[in-house]
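Read through the structure below, which is laid out as structure tokens, and then see the notes.
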Amino acid sequence: YPPRDCLSVFKVWKGGLVFYGGFIFAVLFAFWYMRHFQLPPWKIADIFGYILPLGLALTRSIGCTLNGCCYGKPTELFMSIRYPRGIGPFDDHVKAGYILSNSRFSLHVHPTQLYHAVASLIIFLVAYLVIRKRKRFDGEVFAFFAVAYAVQRFLVEFLRNDPRGSLLYLSTSQIISLGIFGLGIWLYWKKPSRAYYAKRFGGEPDDAVR
């Protein structure tokens with residue numbers, strides 16, 4: 001991108017659209033919307049607790065993998081992927097001197113997009129088939145998603161090699177993951193739906209008007 005293009009943030013056709021940015025602002029808007037229309041926030045949050053990882057599994061496996069973004073570090077493992085000229089890590093590998101500019105493919109790299117996709121699919125299956133059916137309080141499915149996704153994102157980030165921001169040896173996404181993880185732990189600890197229903201309806205979640 002032109003380094004002094006102050007409008008680059010709005011040019012979504014050139015990049016951007018990252019998950020964490022959208023997730024944070026979507027959560028803030030969703031809670032405002034539910035509060036404004038007096039909807040049960042933690043029941044609805046639980047729906048997102050399994051819809052989000054399913055969507056992430058699809059977008060990571062199809063969108064990110066085919067587009068070549070979010071690629072991993074070079075590897076010799078049999079589970080690797082390489083990209084043709086102009087896609088994914090190809091240009092970065094040329095600049096780093098790993099390959100020649102007339103090469104047909106980049107080096108083999110970790111398919112971190114697929115790592116994310118598989119992890120998200122597992123989170124979806126556990127959230128939908130196990131946590132949802134046995135939850136002890138409204139918000140538990142969402143709390144499970146927050147903790148599980150933050151952990152897998154934090155770990156897979158160590159294998160990624162695409163240019164992105166960093167601070168104190170951690171990527172921006174890893175730092176945000178710590179906050180998302182903390183949110184999930186807080187939900188498990190506070191069980192906020194109990195207090196919400198007690199305050200509004202004078203009883204437990206099952207006593208609320210559905």
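Convention: chains lettered A, B, ... in structure tokens order; per-chain residue numbering from 1; ligands numbered from 1 as shown.
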Taking the DSSP assignment computed from this structure's backbone, write out as JSON, numbers by chain all residues of segment 25-210 of chain A that belong to helix (DSSP H, G or I). {"A": [25, 26, 27, 28, 29, 30, 31, 32, 33, 34, 35, 36, 41, 42, 43, 44, 45, 46, 47, 48, 49, 50, 51, 52, 53, 54, 55, 56, 57, 58, 59, 60, 61, 62, 63, 64, 65, 66, 67, 90, 91, 92, 93, 94, 95, 112, 113, 114, 115, 116, 117, 118, 119, 120, 121, 122, 123, 124, 125, 126, 127, 128, 129, 130, 131, 132, 133, 134, 140, 141, 142, 143, 144, 145, 146, 147, 148, 149, 150, 151, 152, 153, 154, 155, 156, 157, 158, 159, 172, 173, 174, 175, 176, 177, 178, 179, 180, 181, 182, 183, 184, 185, 186, 187, 188, 189, 190, 192, 193, 194, 195, 196, 197, 198, 199, 200, 201, 205, 206, 207]}
So that I can see what lies close to segment 49-62 of chain A, please list as a VMD selection string the residues with an atom at most 8 Å from it, counting only C-alpha atoms and leaving out residues fewer than 2 positions away in the same chain. chain A and resid 45 to 47 64 to 66 113 to 114 116 to 121 123 to 125 127 to 128 141 to 146 149
Got time to write the residues from that selection, N, CA and C atoms, as a PDB file, in the first residue's frame?
ATOM      1  N   ALA A  45     -25.991 -14.875  22.887  1.00  0.00           N
ATOM      2  CA  ALA A  45     -24.537 -15.045  22.811  1.00  0.00           C
ATOM      3  C   ALA A  45     -24.174 -16.510  22.616  1.00  0.00           C
ATOM      4  N   ASP A  46     -24.936 -17.401  23.230  1.00  0.00           N
ATOM      5  CA  ASP A  46     -24.661 -18.829  23.082  1.00  0.00           C
ATOM      6  C   ASP A  46     -24.856 -19.301  21.645  1.00  0.00           C
ATOM      7  N   ILE A  47     -25.791 -18.696  20.928  1.00  0.00           N
ATOM      8  CA  ILE A  47     -25.974 -19.046  19.517  1.00  0.00           C
ATOM      9  C   ILE A  47     -24.722 -18.687  18.732  1.00  0.00           C
ATOM     10  N   CYS A  64      -9.237 -18.006   3.046  1.00  0.00           N
ATOM     11  CA  CYS A  64      -7.842 -17.691   3.371  1.00  0.00           C
ATOM     12  C   CYS A  64      -6.863 -18.609   2.644  1.00  0.00           C
ATOM     13  N   THR A  65      -7.178 -19.887   2.551  1.00  0.00           N
ATOM     14  CA  THR A  65      -6.262 -20.823   1.906  1.00  0.00           C
ATOM     15  C   THR A  65      -6.107 -20.516   0.430  1.00  0.00           C
ATOM     16  N   LEU A  66      -7.208 -20.298  -0.256  1.00  0.00           N
ATOM     17  CA  LEU A  66      -7.137 -20.018  -1.696  1.00  0.00           C
ATOM     18  C   LEU A  66      -6.555 -18.635  -1.972  1.00  0.00           C
ATOM     19  N   GLN A 113      -3.728 -21.591   7.645  1.00  0.00           N
ATOM     20  CA  GLN A 113      -5.162 -21.355   7.435  1.00  0.00           C
ATOM     21  C   GLN A 113      -5.959 -22.614   7.735  1.00  0.00           C
ATOM     22  N   LEU A 114      -5.412 -23.774   7.307  1.00  0.00           N
ATOM     23  CA  LEU A 114      -6.105 -25.036   7.555  1.00  0.00           C
ATOM     24  C   LEU A 114      -6.001 -25.452   9.015  1.00  0.00           C
ATOM     25  N   HIS A 116      -6.104 -23.354  11.485  1.00  0.00           N
ATOM     26  CA  HIS A 116      -7.187 -22.575  12.088  1.00  0.00           C
ATOM     27  C   HIS A 116      -8.545 -23.199  11.765  1.00  0.00           C
ATOM     28  N   ALA A 117      -8.710 -23.637  10.521  1.00  0.00           N
ATOM     29  CA  ALA A 117      -9.998 -24.191  10.095  1.00  0.00           C
ATOM     30  C   ALA A 117     -10.343 -25.459  10.863  1.00  0.00           C
ATOM     31  N   VAL A 118      -9.373 -26.358  10.987  1.00  0.00           N
ATOM     32  CA  VAL A 118      -9.612 -27.616  11.702  1.00  0.00           C
ATOM     33  C   VAL A 118      -9.910 -27.341  13.172  1.00  0.00           C
ATOM     34  N   ALA A 119      -9.137 -26.454  13.776  1.00  0.00           N
ATOM     35  CA  ALA A 119      -9.367 -26.115  15.182  1.00  0.00           C
ATOM     36  C   ALA A 119     -10.752 -25.498  15.371  1.00  0.00           C
ATOM     37  N   SER A 120     -11.153 -24.620  14.463  1.00  0.00           N
ATOM     38  CA  SER A 120     -12.469 -23.980  14.562  1.00  0.00           C
ATOM     39  C   SER A 120     -13.585 -25.002  14.382  1.00  0.00           C
ATOM     40  N   LEU A 121     -13.382 -25.968  13.486  1.00  0.00           N
ATOM     41  CA  LEU A 121     -14.395 -27.006  13.285  1.00  0.00           C
ATOM     42  C   LEU A 121     -14.550 -27.856  14.541  1.00  0.00           C
ATOM     43  N   ILE A 123     -13.928 -26.854  17.596  1.00  0.00           N
ATOM     44  CA  ILE A 123     -14.605 -25.996  18.580  1.00  0.00           C
ATOM     45  C   ILE A 123     -16.109 -25.977  18.317  1.00  0.00           C
ATOM     46  N   PHE A 124     -16.488 -25.880  17.049  1.00  0.00           N
ATOM     47  CA  PHE A 124     -17.916 -25.894  16.696  1.00  0.00           C
ATOM     48  C   PHE A 124     -18.584 -27.191  17.137  1.00  0.00           C
ATOM     49  N   LEU A 125     -17.960 -28.326  16.839  1.00  0.00           N
ATOM     50  CA  LEU A 125     -18.559 -29.614  17.170  1.00  0.00           C
ATOM     51  C   LEU A 125     -18.723 -29.779  18.685  1.00  0.00           C
ATOM     52  N   ALA A 127     -18.821 -27.308  20.937  1.00  0.00           N
ATOM     53  CA  ALA A 127     -19.762 -26.294  21.424  1.00  0.00           C
ATOM     54  C   ALA A 127     -21.202 -26.697  21.140  1.00  0.00           C
ATOM     55  N   TYR A 128     -21.440 -27.208  19.930  1.00  0.00           N
ATOM     56  CA  TYR A 128     -22.824 -27.515  19.520  1.00  0.00           C
ATOM     57  C   TYR A 128     -23.317 -28.846  20.082  1.00  0.00           C
ATOM     58  N   VAL A 141     -21.771 -21.447  26.390  1.00  0.00           N
ATOM     59  CA  VAL A 141     -21.312 -21.824  25.051  1.00  0.00           C
ATOM     60  C   VAL A 141     -20.388 -20.747  24.497  1.00  0.00           C
ATOM     61  N   PHE A 142     -20.795 -19.493  24.676  1.00  0.00           N
ATOM     62  CA  PHE A 142     -19.964 -18.388  24.197  1.00  0.00           C
ATOM     63  C   PHE A 142     -18.644 -18.334  24.958  1.00  0.00           C
ATOM     64  N   ALA A 143     -18.699 -18.595  26.266  1.00  0.00           N
ATOM     65  CA  ALA A 143     -17.476 -18.596  27.076  1.00  0.00           C
ATOM     66  C   ALA A 143     -16.522 -19.680  26.594  1.00  0.00           C
ATOM     67  N   PHE A 144     -17.053 -20.866  26.292  1.00  0.00           N
ATOM     68  CA  PHE A 144     -16.217 -21.948  25.780  1.00  0.00           C
ATOM     69  C   PHE A 144     -15.565 -21.546  24.464  1.00  0.00           C
ATOM     70  N   PHE A 145     -16.356 -20.947  23.574  1.00  0.00           N
ATOM     71  CA  PHE A 145     -15.797 -20.496  22.291  1.00  0.00           C
ATOM     72  C   PHE A 145     -14.673 -19.490  22.514  1.00  0.00           C
ATOM     73  N   ALA A 146     -14.895 -18.519  23.391  1.00  0.00           N
ATOM     74  CA  ALA A 146     -13.899 -17.477  23.631  1.00  0.00           C
ATOM     75  C   ALA A 146     -12.587 -18.073  24.120  1.00  0.00           C
ATOM     76  N   TYR A 149     -11.098 -20.671  21.248  1.00  0.00           N
ATOM     77  CA  TYR A 149     -10.584 -19.993  20.052  1.00  0.00           C
ATOM     78  C   TYR A 149      -9.344 -19.179  20.382  1.00  0.00           C
TER      79      TYR A 149
END
Show me, as JSON, numbers by chain, the residues that have an atom within 12 Å of segment 94-98 of chain A when counting only C-alpha atoms, minus same-chain residues fewer than 4 positions from it. {"A": [74, 84, 85, 86, 87, 88, 89, 90, 102, 103, 104, 105, 106, 107, 108]}
Near Thr75 of chain A, counting only C-alpha atoms, which residues have an atom at most 12 Å away, once you skip same-chain residues fewer than 4 positions from it, shown as a list of chain:residue names?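 So, after excluding close chain neighbours, the residues are A:Tyr71, A:Met79, A:Ser80, A:Ile81, A:Arg82, A:Ser106, A:Leu107, A:His108, A:Val109, A:His110, A:Pro111, A:Thr112, A:Leu159, A:Arg160, A:Asn161.
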Can you work out the spacing between atom CA of Ala30 of chain A and atom CA of Trp42 of chain A in Å, to one decimal?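 Atom CA of Trp42 of chain A lies at a distance of 10.9 Å from atom CA of Ala30 of chain A.
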Å distance separating atom CA of Glu140 of chain A from atom CA of Lys191 of chain A, one decimal place: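 Computed distance, atom CA of Glu140 of chain A to atom CA of Lys191 of chain A, equals 7.7 Å.
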Strand (DSSP E) positions in segment 18-187 of chain A, given as an MDAnalysis selection string: chainID A and resid 166:167 170:171
Provide the atom CA of Ala26 of chain A to atom CA of Gln174 of chain A distance in Å, to one decimal place.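 Atom-to-atom, atom CA of Ala26 of chain A and atom CA of Gln174 of chain A are spaced 19.2 Å apart.
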